[in-house]
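Enquirer: Quick one: this structure, given as structure tokens, is what I'll be asking you about.
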Amino acid sequence: MQEFKNDITYNQIATFKAIFEEGNISKAAKMLNISPASVSSSLKLLEKSVGEPLFSRTTRAIAPTEIGKRFYELVHSGVDDLRNAVELICDHSNNPSGSLSLNMARDIYDVFLKDVLMDFQQQFPAIQLEITLSDSFDSQVEHHFDIGFRFGETVNETMIAKRINSSEHHPKLALFASHVYVAHFGIPTSVEDLKKHSLIQFRAPSSQKILPVHLHSSKSKESEIVTLSQLNTAMIVNNSEVMVDSALKGLGIGYLMDATVREYFLSEQLVPLLKDHWCDVPNVYMYYAPDNRQTRRVACFLEFISEKLHS
């Protein structure tokens, strides 16, 4: 029986969606658990039925054409909706099971979620967590994962955003440097004094913006928070581990969550700077599409996270 016009099938559409989101035929094949040859053949049949190419190909890359982009916009939500509907019906009378894909920044995993996710996996072994640590979370990533975690409400309005860090748990944004740096340049004694020093700046992978430094203007936690954006730059990184490595080498002053560098403070490899001026980190939010929460494995996870993190 013909599924769609011009003999286009659901499998061809689902395969196209996987290629679009993975950006690579081999990765799409791995995700679909079929051979690259099958993926390539499915795409060729779909393009023949459509009447024009959906991707432009070179020896090194594959990129969607304009008609490919338009086709993805029209079909991807429908494929997701159908998949969720089937899963919802099949799971109705069963215990939650299946794969649950999560995407989060490394710092969020280390500080907020590491122990919680391990507890969840032990309590619900039939749900296989697939955890990806990444600082990027654009529209492509949103559709590729069941649930994402990020600082602040930064994802598009079609997603549900739910705060997960409790009022009882407030890590600080810390300034720090190595003893080598301090020996050469001294310790800043005020917020104003910080302008004389060089900072290792962090560029957010998604927005590509340099993150400004936020500090209380005085040692009082009731004082206003000032934003320092015009600071001397030692170097720019987009990864917290590189930030720590650079600070340890004495290349400049670093700026990360205190929990991320706590061990370095305890071992005295890094020196906390202007500690009385540190601010709380931004709120951490959990993101998911409205339809995702209907599947039992997602609903189970959301309930577990809410109980554990007092959101």
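Here's how to read the names in the structure tokens: chain A, B, ... by the order shown, residue numbers from 1 in each chain, ligand numbers from 1 in the order shown.
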If you count only C-alpha atoms, which residues fall within 12 Å of Gly68 in chain A, apart from same-chain ones fewer than 2 positions away, as a ChimeraX atom specification?
Expert: /A:13,16-17,19-21,43,46-47,50-56,62-66,70-76
Enquirer: Which neighbours of Pro212 in chain A fall inside 12 Å, counting only C-alpha atoms, when residues of the same chain fewer than 3 positions from it are skipped, and could you give them as a PyMOL selection string?
Expert: chain A and resi 173+199-204+209+215+225-233+255-256
Enquirer: Residues of range 16-144 of chain A in strand (DSSP E) according to DSSP, as an MDAnalysis selection string?
Expert: chainID A and resid 55:57 62:64 98:104 127:133
Enquirer: Given only C-alpha atoms as the basis, pick out the residue of A:Gly252, A:Pro272, A:Gly78, A:Pro282 nearest to His197 in chain A.
Expert: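 Nearest candidate to His197 in chain A out of A:Gly252, A:Pro272, A:Gly78, A:Pro282: A:Gly252.
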Enquirer: Among the residues of range 115-233 of chain A, find those DSSP assigns to helix (DSSP H, G or I) from the backbone and print them as a PyMOL selection string.
Expert: chain A and resi 115-123+139-144+179-185+192-196
Enquirer: With only C-alpha atoms as the atoms that count, which of A:Val39, A:Tyr10, A:Ile108, A:Ala61 lies nearest to Gly152 in chain A?
Expert: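 Answer, going by the shortest atom-to-atom distance: A:Ile108.
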Enquirer: Residues near Ser42 in chain A, anyone? I mean within 8 Å using only C-alpha atoms, not counting same-chain ones fewer than 5 positions away, as an MDAnalysis selection string.
Expert: chainID A and resid 11:12 15
Enquirer: Using CA of Arg150 in chain A and CA of Gln128 in chain A as the two end points, give the distance in Å to one decimal.
Expert: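 Computed distance, CA of Arg150 in chain A to CA of Gln128 in chain A, equals 21.5 Å.
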Enquirer: When you count only C-alpha atoms, which of these residues is closest to Glu130 in chain A: A:Asp146, A:Asp115, A:Glu224, A:Glu192?
Expert: A:Asp146
Enquirer: From the options A:Asn24, A:Thr132, A:Asn84, A:Ser35, which residue's atoms come nearest to Met104 in chain A, counting only C-alpha atoms?
Expert: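 Closest candidate: A:Thr132.
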Enquirer: Skip range 298-305 of chain A itself and residues of its chain fewer than 5 positions away, then list as a ChimeraX atom specification all residues within 12 Å of it, counting only C-alpha atoms.
Expert: /A:84,87-88,91,95-102,112-121,123-124,126-129,145-149,160-166,285-293,310-311
Enquirer: Just N, CA and C atoms for this one: save the residues we selected as a compact mmCIF listing (two decimals), in the first residue's frame.
Expert:
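File written: result.txt
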```
# COMPACT_ATOMS: atom_id res chain seq x y z
N ASN A 84 6.30 9.27 19.57
CA ASN A 84 5.86 9.41 20.95
C ASN A 84 4.49 8.77 21.18
N GLU A 87 4.98 5.00 21.37
CA GLU A 87 5.62 4.64 22.64
C GLU A 87 4.64 4.78 23.80
N LEU A 88 3.82 5.83 23.76
CA LEU A 88 2.87 6.06 24.85
C LEU A 88 1.88 4.92 24.95
N ASP A 91 3.66 1.65 26.07
CA ASP A 91 4.12 1.70 27.46
C ASP A 91 2.98 1.78 28.47
N ASN A 95 5.99 -1.19 32.80
CA ASN A 95 6.90 -0.34 33.55
C ASN A 95 7.71 0.50 32.57
N PRO A 96 8.11 1.71 32.97
CA PRO A 96 8.88 2.56 32.05
C PRO A 96 10.18 1.89 31.63
N SER A 97 10.47 1.96 30.33
CA SER A 97 11.67 1.34 29.81
C SER A 97 12.09 2.06 28.54
N GLY A 98 13.25 1.69 28.01
CA GLY A 98 13.74 2.28 26.77
C GLY A 98 14.89 3.24 27.01
N SER A 99 15.34 3.86 25.94
CA SER A 99 16.47 4.79 26.00
C SER A 99 15.99 6.21 26.30
N LEU A 100 16.73 6.90 27.14
CA LEU A 100 16.42 8.29 27.49
C LEU A 100 17.68 9.12 27.28
N SER A 101 17.65 9.99 26.28
CA SER A 101 18.84 10.77 25.92
C SER A 101 18.84 12.12 26.61
N LEU A 102 19.96 12.43 27.27
CA LEU A 102 20.12 13.66 28.03
C LEU A 102 21.32 14.44 27.51
N PHE A 112 25.60 19.41 39.75
CA PHE A 112 24.19 19.21 40.11
C PHE A 112 23.66 17.80 39.88
N LEU A 113 24.16 17.09 38.88
CA LEU A 113 23.44 15.91 38.40
C LEU A 113 24.16 14.58 38.51
N LYS A 114 25.45 14.57 38.75
CA LYS A 114 26.20 13.32 38.69
C LYS A 114 25.62 12.25 39.60
N ASP A 115 25.45 12.55 40.85
CA ASP A 115 24.94 11.55 41.80
C ASP A 115 23.48 11.23 41.54
N VAL A 116 22.70 12.24 41.15
CA VAL A 116 21.27 12.03 40.90
C VAL A 116 21.06 11.08 39.73
N LEU A 117 21.83 11.26 38.66
CA LEU A 117 21.67 10.40 37.49
C LEU A 117 22.09 8.96 37.79
N MET A 118 23.13 8.79 38.59
CA MET A 118 23.54 7.44 38.96
C MET A 118 22.46 6.76 39.82
N ASP A 119 21.85 7.53 40.72
CA ASP A 119 20.77 6.99 41.55
C ASP A 119 19.57 6.59 40.68
N PHE A 120 19.25 7.43 39.70
CA PHE A 120 18.13 7.12 38.82
C PHE A 120 18.38 5.82 38.05
N GLN A 121 19.59 5.68 37.50
CA GLN A 121 19.89 4.48 36.72
C GLN A 121 19.81 3.22 37.56
N GLN A 123 17.88 2.84 40.23
CA GLN A 123 16.49 2.62 40.62
C GLN A 123 15.62 2.16 39.44
N PHE A 124 15.98 2.60 38.22
CA PHE A 124 15.20 2.26 37.03
C PHE A 124 16.11 1.65 35.97
N ALA A 126 15.64 -0.51 33.75
CA ALA A 126 15.03 -0.77 32.45
C ALA A 126 15.07 0.46 31.54
N ILE A 127 15.37 1.63 32.12
CA ILE A 127 15.55 2.85 31.32
C ILE A 127 17.04 3.07 31.13
N GLN A 128 17.49 3.05 29.88
CA GLN A 128 18.92 3.23 29.61
C GLN A 128 19.23 4.71 29.36
N LEU A 129 19.92 5.31 30.30
CA LEU A 129 20.32 6.71 30.12
C LEU A 129 21.43 6.80 29.09
N PHE A 145 17.63 15.39 21.52
CA PHE A 145 17.66 14.81 22.86
C PHE A 145 16.29 14.91 23.52
N ASP A 146 16.02 13.95 24.39
CA ASP A 146 14.75 13.96 25.12
C ASP A 146 14.70 15.11 26.12
N ILE A 147 15.81 15.31 26.85
CA ILE A 147 15.85 16.34 27.89
C ILE A 147 17.23 17.00 27.88
N GLY A 148 17.25 18.31 28.04
CA GLY A 148 18.52 19.05 28.13
C GLY A 148 18.57 19.87 29.41
N PHE A 149 19.77 20.19 29.85
CA PHE A 149 19.98 20.99 31.05
C PHE A 149 20.93 22.13 30.71
N ILE A 160 9.57 23.39 27.18
CA ILE A 160 9.23 23.65 28.58
C ILE A 160 10.53 23.79 29.37
N ALA A 161 10.64 24.85 30.16
CA ALA A 161 11.83 25.08 30.99
C ALA A 161 11.43 24.97 32.45
N LYS A 162 12.16 24.15 33.21
CA LYS A 162 11.85 23.94 34.62
C LYS A 162 13.12 24.06 35.45
N ARG A 163 13.12 24.95 36.43
CA ARG A 163 14.30 25.14 37.27
C ARG A 163 14.55 23.91 38.13
N ILE A 164 15.80 23.51 38.25
CA ILE A 164 16.10 22.31 39.03
C ILE A 164 16.94 22.57 40.27
N ASN A 165 17.72 23.66 40.31
CA ASN A 165 18.55 23.87 41.50
C ASN A 165 17.71 24.47 42.62
N SER A 166 17.82 23.91 43.79
CA SER A 166 17.00 24.35 44.91
C SER A 166 17.58 25.60 45.55
N TYR A 285 18.23 25.11 34.43
CA TYR A 285 16.92 24.70 33.93
C TYR A 285 17.01 23.39 33.18
N MET A 286 15.93 22.62 33.30
CA MET A 286 15.75 21.38 32.55
C MET A 286 14.77 21.68 31.42
N TYR A 287 15.14 21.29 30.19
CA TYR A 287 14.33 21.59 29.01
C TYR A 287 13.82 20.32 28.35
N TYR A 288 12.57 20.37 27.90
CA TYR A 288 12.04 19.23 27.15
C TYR A 288 10.83 19.69 26.35
N ALA A 289 10.57 18.99 25.26
CA ALA A 289 9.41 19.30 24.44
C ALA A 289 8.14 18.86 25.15
N PRO A 290 7.04 19.60 25.01
CA PRO A 290 5.80 19.25 25.72
C PRO A 290 5.35 17.81 25.48
N ASP A 291 5.49 17.31 24.26
CA ASP A 291 5.03 15.95 23.96
C ASP A 291 5.90 14.89 24.61
N ASN A 292 7.16 15.22 24.89
CA ASN A 292 8.07 14.22 25.47
C ASN A 292 7.61 13.73 26.84
N ARG A 293 6.99 14.63 27.60
CA ARG A 293 6.62 14.27 28.97
C ARG A 293 5.51 13.22 29.02
N HIS A 310 14.29 19.15 44.47
CA HIS A 310 13.40 20.12 45.10
C HIS A 310 13.09 21.31 44.19
N SER A 311 12.80 21.05 42.92
CA SER A 311 12.57 22.14 41.99
C SER A 311 11.20 22.78 42.22
```
Enquirer: CA of Cys279 in chain A and CA of Asp193 in chain A are how many Å apart?
Expert: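 The value is 17.6 Å.
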Enquirer: Hey, which of A:Glu22, A:Leu211, A:Gly250, A:Asp107 ends up closest to Val284 in chain A? Count only C-alpha atoms.
Expert: A:Asp107
Enquirer: Counting only C-alpha atoms, which of A:Thr295, A:Ser217, A:Ser178, A:Thr260 gets nearest to Leu194 in chain A?
Expert: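 Nearest to Leu194 in chain A: A:Ser217.
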